[in-house]
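See below for input-v6.txt, which holds compact mmCIF, C-alpha atoms.
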# COMPACT_ATOMS: atom_id res chain seq x y z
CA ALA O 172 -3.75 32.19 19.71
CA PRO O 173 -4.68 29.32 22.04
CA PRO O 174 -7.84 29.53 24.14
CA PRO O 175 -7.52 30.77 27.72
CA LEU O 176 -6.67 28.00 30.16
CA SER O 177 -8.79 28.16 33.29
CA PRO O 178 -9.81 25.74 36.06
CA ALA O 179 -11.70 22.68 34.92
CA GLY O 180 -15.39 23.17 34.38
CA VAL O 181 -18.23 22.08 32.17
CA ARG O 182 -19.51 24.13 29.27
CA VAL O 183 -22.67 23.07 27.48
CA PHE O 184 -22.67 23.60 23.72
CA ARG O 185 -26.21 23.24 22.48
CA GLY O 186 -26.64 22.27 18.86
CA HIS O 187 -25.28 18.89 17.78
CA THR O 188 -27.82 16.10 17.97
CA ASP O 189 -25.28 13.30 17.62
CA SER O 190 -21.70 12.39 18.49
CA VAL O 191 -18.69 14.41 17.31
CA VAL O 192 -16.18 12.91 14.88
CA SER O 193 -13.74 15.77 14.33
CA VAL O 194 -12.55 18.77 16.35
CA VAL O 195 -10.08 21.51 15.42
CA PHE O 196 -8.94 24.83 16.86
CA GLY O 197 -10.18 27.77 14.85
CA GLU O 198 -9.06 31.36 15.04
CA GLY O 199 -8.80 32.95 18.48
CA ASP O 200 -10.66 30.86 21.03
CA GLU O 201 -12.89 29.13 18.50
CA LEU O 202 -13.61 25.41 18.42
CA ALA O 203 -14.92 23.79 15.27
CA SER O 204 -16.73 20.48 15.68
CA ALA O 205 -18.29 18.15 13.15
CA GLY O 206 -21.37 16.18 14.14
CA ASN O 207 -21.43 12.61 12.89
CA PHE O 208 -25.03 11.81 12.03
CA ASP O 209 -26.52 15.30 12.24
CA GLY O 210 -24.66 16.57 9.16
CA THR O 211 -23.57 19.87 10.70
CA VAL O 212 -20.34 21.65 11.51
CA ARG O 213 -20.54 24.12 14.37
CA PHE O 214 -18.20 26.83 15.61
CA TRP O 215 -18.14 27.70 19.29
CA SER O 216 -16.38 30.05 21.66
CA LEU O 217 -14.28 27.88 23.95
CA GLU O 218 -14.43 30.48 26.70
CA SER O 219 -18.14 31.31 26.77
CA GLY O 220 -19.68 28.26 25.10
CA GLU O 221 -21.55 30.57 22.73
CA ALA O 222 -22.52 29.10 19.37
CA LEU O 223 -20.96 31.34 16.72
CA ARG O 224 -22.18 29.77 13.49
CA THR O 225 -23.60 26.54 12.09
CA LEU O 226 -22.86 24.99 8.71
CA HIS O 227 -25.45 22.56 7.36
CA THR O 228 -23.36 20.40 5.05
CA GLY O 229 -26.22 18.57 3.36
CA ALA O 230 -24.53 15.25 4.11
CA MET O 231 -26.31 12.70 6.27
CA VAL O 232 -22.98 11.96 7.96
CA VAL O 233 -19.91 14.19 8.28
CA LEU O 234 -16.68 12.21 8.67
CA ASP O 235 -13.97 14.87 8.66
CA ILE O 236 -13.28 18.60 8.53
CA ALA O 237 -10.11 20.59 7.88
CA LEU O 238 -9.32 24.29 8.28
CA SER O 239 -7.00 26.08 5.88
CA PRO O 240 -3.94 27.90 7.23
CA GLY O 241 -5.33 31.10 8.72
CA GLY O 242 -8.73 29.50 9.23
CA ALA O 243 -10.63 31.35 6.50
CA ARG O 244 -11.73 28.22 4.68
CA MET O 245 -13.00 24.86 5.82
CA ALA O 246 -13.37 21.61 3.90
CA SER O 247 -15.89 18.97 4.85
CA ALA O 248 -16.18 15.30 3.90
CA GLY O 249 -18.97 12.80 4.35
CA PHE O 250 -21.29 10.08 3.17
CA ASP O 251 -22.63 12.11 0.24
CA SER O 252 -19.36 11.55 -1.73
CA ALA O 253 -18.87 15.31 -1.91
CA VAL O 254 -15.98 17.56 -0.97
CA LYS O 255 -17.29 20.96 0.06
CA LEU O 256 -15.44 24.22 0.65
CA TRP O 257 -16.83 26.79 3.09
CA TYR O 258 -15.99 30.41 3.86
CA VAL O 259 -15.71 30.33 7.64
CA PRO O 260 -16.39 34.00 8.58
CA THR O 261 -19.85 33.87 7.04
CA GLY O 262 -20.51 30.12 7.14
CA THR O 263 -21.39 30.07 3.44
CA LEU O 264 -20.73 27.28 0.97
CA GLU O 265 -18.15 28.46 -1.60
CA GLN O 266 -18.08 25.46 -3.87
CA ARG O 267 -18.59 21.75 -4.20
CA LEU O 268 -15.48 20.16 -5.68
CA LEU O 269 -16.43 17.97 -8.62
CA GLY O 270 -13.87 18.57 -11.35
CA SER O 271 -13.78 16.24 -14.32
CA SER O 272 -13.91 13.14 -12.14
CA PRO O 273 -15.61 13.53 -8.72
CA HIS O 274 -15.52 10.97 -5.95
CA THR O 275 -18.06 8.17 -6.39
CA GLU O 276 -18.17 6.88 -2.80
CA THR O 277 -17.93 8.19 0.77
CA VAL O 278 -15.20 10.79 1.35
CA THR O 279 -13.38 9.81 4.53
CA ALA O 280 -10.74 12.51 5.07
CA VAL O 281 -9.63 15.95 3.88
CA ALA O 282 -6.41 17.95 4.36
CA PHE O 283 -5.09 21.31 3.20
CA GLY O 284 -1.57 21.77 1.86
CA ARG O 285 1.00 24.16 3.32
CA ASN O 286 -0.35 27.46 2.00
CA GLY O 287 -3.97 26.42 1.61
CA THR O 288 -3.97 26.44 -2.19
CA ILE O 289 -4.25 22.64 -2.53
CA LEU O 290 -6.73 20.33 -0.86
CA ALA O 291 -6.51 16.54 -0.73
CA SER O 292 -9.54 14.29 -0.27
CA ALA O 293 -9.55 10.56 0.48
CA SER O 294 -12.40 8.21 -0.39
CA TYR O 295 -13.67 4.67 -0.26
CA ASP O 296 -13.67 4.83 -4.07
CA ARG O 297 -9.97 3.89 -3.82
CA THR O 298 -8.64 7.30 -4.72
CA VAL O 299 -7.08 10.40 -3.26
CA LYS O 300 -7.81 13.54 -5.23
CA MET O 301 -5.88 16.80 -5.15
CA TRP O 302 -7.79 19.99 -5.88
CA HIS O 303 -6.88 23.60 -6.61
CA VAL O 304 -8.82 25.46 -3.93
CA GLU O 305 -9.46 28.76 -5.73
CA SER O 306 -10.59 27.33 -9.05
CA GLY O 307 -11.98 24.00 -7.86
CA LYS O 308 -9.99 22.28 -10.60
CA LEU O 309 -9.08 18.63 -10.12
CA LEU O 310 -5.28 18.48 -10.26
CA LYS O 311 -4.49 14.80 -9.77
CA THR O 312 -6.11 11.47 -8.91
CA LEU O 313 -3.95 9.05 -6.94
CA LYS O 314 -5.16 5.47 -7.27
CA HIS O 315 -5.13 2.92 -4.45
CA ALA O 316 -5.98 -0.76 -4.10
CA GLY O 317 -8.59 -0.19 -1.41
CA GLY O 318 -10.71 2.46 0.27
CA VAL O 319 -8.50 5.26 1.60
CA LYS O 320 -8.92 6.12 5.28
CA ALA O 321 -6.29 8.77 5.98
CA VAL O 322 -4.39 11.56 4.24
CA ALA O 323 -1.87 14.19 5.37
CA PHE O 324 0.45 16.82 3.84
CA SER O 325 4.02 17.42 4.98
CA ALA O 326 4.72 20.82 6.54
CA ASP O 327 6.66 22.00 3.48
CA GLY O 328 3.90 20.84 1.12
CA ARG O 329 6.19 18.57 -0.90
CA TYR O 330 4.71 15.25 0.17
CA LEU O 331 1.27 13.75 0.62
CA ALA O 332 0.84 10.60 2.71
CA SER O 333 -2.12 8.23 2.40
CA ALA O 334 -3.21 4.83 3.66
CA ASP O 335 -5.73 2.28 2.43
CA ASP O 336 -4.35 -0.79 4.22
CA ALA O 337 -1.41 -1.57 6.54
CA ALA O 338 1.12 0.24 4.32
CA VAL O 339 1.76 3.97 4.09
CA LYS O 340 2.05 5.57 0.66
CA VAL O 341 4.00 8.80 0.14
CA TRP O 342 3.41 10.86 -3.00
CA ASP O 343 5.20 13.75 -4.64
CA VAL O 344 2.62 16.55 -4.65
CA ARG O 345 4.04 18.24 -7.74
CA THR O 346 4.22 15.19 -9.99
CA GLY O 347 1.62 12.89 -8.41
CA LYS O 348 4.17 10.08 -8.46
CA ARG O 349 4.30 7.60 -5.59
CA GLU O 350 7.72 7.99 -4.00
CA ARG O 351 7.54 5.59 -1.06
CA LEU O 352 5.66 2.48 0.08
CA MET O 353 6.40 2.02 3.78
CA ARG O 354 5.55 -1.29 5.41
CA GLY O 355 5.68 -2.26 9.06
CA HIS O 356 2.16 -2.21 10.48
CA THR O 357 0.42 -5.58 10.72
CA PHE O 358 -3.14 -4.19 10.53
CA ASP O 359 -4.75 -1.25 8.77
CA VAL O 360 -3.52 2.30 9.32
CA THR O 361 -6.18 4.49 10.94
CA ALA O 362 -4.59 7.95 11.02
CA LEU O 363 -1.61 9.94 9.71
CA ALA O 364 0.13 13.11 10.90
CA PHE O 365 3.28 14.93 9.83
CA GLY O 366 5.62 16.45 12.37
CA ALA O 367 8.74 18.53 11.90
CA GLY O 368 10.65 18.22 8.64
CA SER O 369 10.07 14.90 6.92
CA VAL O 370 8.83 12.95 9.95
CA LEU O 371 5.49 11.16 9.55
CA ALA O 372 3.49 9.29 12.19
CA SER O 373 1.07 6.50 11.35
CA ALA O 374 -1.47 5.04 13.77
CA SER O 375 -2.84 1.56 13.34
CA GLU O 376 -5.29 -1.10 14.39
CA ASP O 377 -2.21 -3.10 15.47
CA ASP O 378 -2.03 -0.99 18.69
CA THR O 379 1.12 0.87 17.59
CA VAL O 380 2.23 4.21 16.24
CA ARG O 381 5.19 4.21 13.88
CA THR O 382 7.28 7.17 12.83
CA TRP O 383 8.98 7.40 9.45
CA ASP O 384 11.41 9.55 7.54
CA VAL O 385 9.57 10.08 4.26
CA GLU O 386 12.72 11.33 2.52
CA SER O 387 14.37 7.92 2.90
CA GLY O 388 11.34 5.75 3.57
CA LYS O 389 13.00 4.40 6.72
CA GLU O 390 11.09 3.51 9.86
CA LEU O 391 12.37 5.62 12.76
CA ARG O 392 10.50 4.39 15.84
CA VAL O 393 7.76 2.01 16.92
CA LEU O 394 5.66 3.36 19.79
CA LYS O 395 4.25 0.38 21.69
CA GLY O 396 2.25 -0.06 24.87
CA HIS O 397 -1.12 1.25 23.73
CA LEU O 398 -3.97 -0.80 25.19
CA GLY O 399 -5.97 -1.13 22.03
CA MET O 400 -6.28 0.19 18.51
CA VAL O 401 -4.86 3.68 17.99
CA THR O 402 -7.67 5.88 16.71
CA ALA O 403 -6.01 9.30 16.31
CA VAL O 404 -2.56 10.85 16.28
CA ALA O 405 -1.27 14.45 16.35
CA PHE O 406 2.06 16.26 16.66
CA SER O 407 2.59 19.36 18.75
CA PRO O 408 3.31 22.44 16.59
CA ASP O 409 7.08 22.21 17.17
CA GLY O 410 7.07 18.47 16.46
CA SER O 411 8.59 17.54 19.82
CA MET O 412 5.56 15.73 21.22
CA LEU O 413 3.19 13.17 19.77
CA ALA O 414 -0.29 12.44 21.12
CA ALA O 415 -2.04 9.14 20.39
CA ALA O 416 -5.63 8.25 21.30
CA THR O 417 -6.70 4.64 21.74
CA LEU O 418 -9.90 2.63 21.75
CA ASP O 419 -9.82 2.31 25.56
CA GLY O 420 -10.34 6.08 25.95
CA ALA O 421 -6.74 6.93 26.86
CA ILE O 422 -4.34 9.44 25.32
CA ALA O 423 -0.62 8.63 25.35
CA LEU O 424 1.87 11.50 25.15
CA TRP O 425 5.22 10.60 23.60
CA ASP O 426 8.52 12.39 23.20
CA ALA O 427 8.76 12.31 19.40
CA ARG O 428 12.55 12.52 19.45
CA ASP O 429 13.39 9.42 21.50
CA ALA O 430 10.04 7.56 21.49
CA SER O 431 9.76 7.63 25.27
CA GLN O 432 6.28 7.87 26.76
CA VAL O 433 6.05 11.09 28.72
CA ALA O 434 2.61 10.57 30.21
CA SER O 435 -0.81 9.02 29.74
CA ILE O 436 -4.15 10.74 30.14
CA ASP O 437 -6.94 8.45 31.26
CA GLY O 438 -9.83 9.96 29.37
CA ARG O 439 -12.32 7.15 29.80
CA SER O 440 -14.51 8.99 32.26
CA ASP O 441 -14.04 12.26 30.36
CA VAL O 442 -15.26 10.83 27.06
CA ALA O 443 -17.99 8.97 28.95
CA GLY O 444 -16.77 5.43 28.95
CA GLY O 445 -14.16 4.32 26.44
CA ARG O 446 -13.99 0.50 26.47
CA SER O 447 -10.88 -1.03 28.03
CA VAL O 448 -9.43 -4.05 26.30
CA LEU O 449 -9.77 -5.80 29.68
CA SER O 450 -13.50 -5.15 29.76
CA LYS O 451 -15.97 -7.77 28.64
CA VAL O 452 -17.47 -7.02 25.25
CA SER O 453 -21.19 -6.44 25.38
CA SER O 454 -23.86 -5.00 23.16
CA LYS O 455 -23.35 -1.72 24.97
CA ASN O 456 -19.65 -1.40 24.35
CA ALA O 457 -18.74 -3.62 21.42
CA HIS O 458 -19.73 -1.19 18.69
CA GLY O 459 -19.20 2.56 18.79
CA SER O 460 -17.43 2.51 22.14
CA LYS O 461 -16.76 5.96 23.51
CA CYS O 462 -13.22 6.99 22.65
CA PHE O 463 -11.36 9.94 21.17
CA ARG O 464 -11.04 9.89 17.39
CA SER O 465 -9.76 13.41 16.80
CA LEU O 466 -6.84 15.24 18.46
CA CYS O 467 -5.59 18.79 17.94
CA PHE O 468 -2.89 20.78 19.73
CA SER O 469 -3.30 24.49 20.36
CA ALA O 470 -0.98 26.84 18.47
CA ASP O 471 1.45 27.10 21.40
CA GLY O 472 1.32 23.38 22.17
CA GLY O 473 0.08 24.02 25.69
CA ALA O 474 -3.38 22.53 25.25
CA LEU O 475 -4.75 19.42 23.57
CA LEU O 476 -8.29 19.23 22.23
CA ALA O 477 -9.85 15.77 22.05
CA GLY O 478 -13.18 14.70 20.59
CA GLY O 479 -14.70 11.42 19.52
CA ASN O 480 -17.83 9.39 19.11
CA SER O 481 -19.53 10.86 22.13
CA LYS O 482 -21.08 14.21 23.00
CA PHE O 483 -18.08 15.28 25.05
CA VAL O 484 -15.14 17.37 23.83
CA CYS O 485 -12.25 17.70 26.27
CA LEU O 486 -9.53 20.32 26.60
CA TYR O 487 -6.40 19.14 28.43
CA SER O 488 -3.32 20.91 29.74
CA VAL O 489 -0.34 19.22 28.12
CA ASP O 490 2.13 20.12 30.89
CA GLU O 491 -0.16 19.28 33.81
CA ARG O 492 -2.00 16.39 32.09
CA THR O 493 -5.20 17.72 33.64
CA LEU O 494 -8.66 18.37 32.27
CA LEU O 495 -9.13 22.10 31.79
CA ARG O 496 -12.59 22.11 30.29
CA LYS O 497 -15.22 19.61 29.30
CA TYR O 498 -17.72 20.62 26.66
CA VAL O 499 -21.06 18.86 26.47
CA LEU O 500 -22.65 18.96 23.03
CA SER O 501 -26.38 18.60 23.36
Do you think you could lay out the structure here as structure tokens?
Amino acid sequence: APPPLSPAGVRVFRGHTDSVVSVVFGEGDELASAGNFDGTVRFWSLESGEALRTLHTGAMVVLDIALSPGGARMASAGFDSAVKLWYVPTGTLEQRLLGSSPHTETVTAVAFGRNGTILASASYDRTVKMWHVESGKLLKTLKHAGGVKAVAFSADGRYLASADDAAVKVWDVRTGKRERLMRGHTFDVTALAFGAGSVLASASEDDTVRTWDVESGKELRVLKGHLGMVTAVAFSPDGSMLAAATLDGAIALWDARDASQVASIDGRSDVAGGRSVLSKVSSKNAHGSKCFRSLCFSADGGALLAGGNSKFVCLYSVDERTLLRKYVLS
């Protein structure tokens, strides 16, 4: 169930000592957040701000987290080249996925398959690995030409999408065979998300989001007008809406069916100063500018959770385009 939506206010979550790189809705009104350079994942009550549990991953830097369907398990990825599986109710480490051929460089992204039995991990070692969650067995290694930055499963679990450059690769999960190589972006892909059916969205450093039909490999739409690199993308649960975060601190909301922009949320002040492309570059804003790098819709699609490389996590009303809550992680 989605968290209760109440008038905008500030909640202080005490625990993280650094910026947040990934946020997801947990069970009930829980928020899970991964701290970048403090190596922890923390679960909070969105309503009360109470810290529920803390997972010390052992990694100097956490880059991504993913919750299994139902929220019982969590996977974490980071600088220590390890993929770790956690049992969420107790916050205990279940296993470290090594298999016969573990990752040898930073793990950048993780994603669970449809029923939570398969986990995919992407790495700078130029591979995506698929794991059997219960046994920890390495199922397949998908080789790439460069370091892989994004990975996503289709809703039916048949396809896995990945990106290590400006092209999007689509793989058959059962066979491990690459089925599609979809070109269109002019700069590297930064994020991937599947919507309804076989629709895939890819975000890029070229300031666009493109949607694709992975069954045919055809490009469906090009979503333009973002003022800067697109840093995160997410579909609403019914696939009708697409949210895209950009380097300038904004979030664009698109109708996924006709590629029309429904609204834009100016989150620059909310995330504490995302850099506009019209702003002069300085030592204060050129590197690590404050912007959202993780987006997640609530189960009913009525709320959008946004976090990034700052200590602020924001909860927005999708219909009203208003800030419902702002969480300060300190």
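The nearest approach to Ala237 in chain O among the residues O:Met353, O:Leu391, O:Leu313, O:Ala205, with all atoms listed in the file taken into account, belongs to O:Ala205.
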Mind dumping a table of every range 348-425 of chain O residue within 10 Å of range 461-482 of chain O, with the nearest atom pair and its distance in Å to one decimal, using all atoms listed in the file, sorted by chain and rising number, as a tab-separated table?
residue	atom	partner	partner_atom	distance
O:Thr361	CA	O:Arg464	CA	9.7
O:Ala362	CA	O:Arg464	CA	9.3
O:Val401	CA	O:Arg464	CA	8.8
O:Thr402	CA	O:Arg464	CA	5.3
O:Ala403	CA	O:Arg464	CA	5.2
O:Val404	CA	O:Leu466	CA	6.5
O:Ala405	CA	O:Leu466	CA	6.0
O:Phe406	CA	O:Phe468	CA	7.4
O:Ser407	CA	O:Gly472	CA	5.4
O:Pro408	CA	O:Gly472	CA	6.0
O:Asp409	CA	O:Gly472	CA	7.7
O:Gly410	CA	O:Gly472	CA	9.5
O:Ser411	CA	O:Gly472	CA	9.6
O:Met412	CA	O:Gly472	CA	8.8
O:Leu413	CA	O:Phe468	CA	9.7
O:Ala414	CA	O:Leu466	CA	7.6
O:Ala415	CA	O:Leu466	CA	8.0
O:Ala416	CA	O:Phe463	CA	6.0
O:Thr417	CA	O:Cys462	CA	7.0
O:Leu418	CA	O:Cys462	CA	5.6
O:Asp419	CA	O:Cys462	CA	6.5
O:Gly420	CA	O:Cys462	CA	4.5
O:Ala421	CA	O:Cys462	CA	7.7
O:Ile422	CA	O:Phe463	CA	8.2
Range 198-200 of chain O surroundings by only C-alpha atoms, 12 Å radius, close-in-sequence under 4 positions cut, as number ranges by chain: O: 172-176, 214-221, 223, 238-245, 259-260, 469-470, 474, 476, 486
What is the distance, in Å and to one decimal place, between CA of Arg381 in chain O and CA of Asp235 in chain O? 22.5 Å
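If you look at CA of Arg349 in chain O and CA of Val281 in chain O, they are 18.8 Å away from each other.
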Tell me, as a list in words, which residues lie within 9 Å of Gly270 in chain O, counting only C-alpha atoms; anything in the same chain fewer than 2 positions away does not count. Leu268, Ser272, Pro273, Trp302, Gly307, Lys308, Leu309 and Leu310 of chain O
Atoms to include: C-alpha atoms. Write the selected residues as a compact mmCIF listing (two decimals), in the frame of the given file.
# COMPACT_ATOMS: atom_id res chain seq x y z
CA LEU O 268 -15.48 20.16 -5.68
CA SER O 272 -13.91 13.14 -12.14
CA PRO O 273 -15.61 13.53 -8.72
CA TRP O 302 -7.79 19.99 -5.88
CA GLY O 307 -11.98 24.00 -7.86
CA LYS O 308 -9.99 22.28 -10.60
CA LEU O 309 -9.08 18.63 -10.12
CA LEU O 310 -5.28 18.48 -10.26
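Residue nearest Glu265 in chain O within the list O:Ser306, O:His397, O:Ala248, O:Leu371: O:Ser306 [criterion: smallest interatomic distance, only C-alpha atoms].
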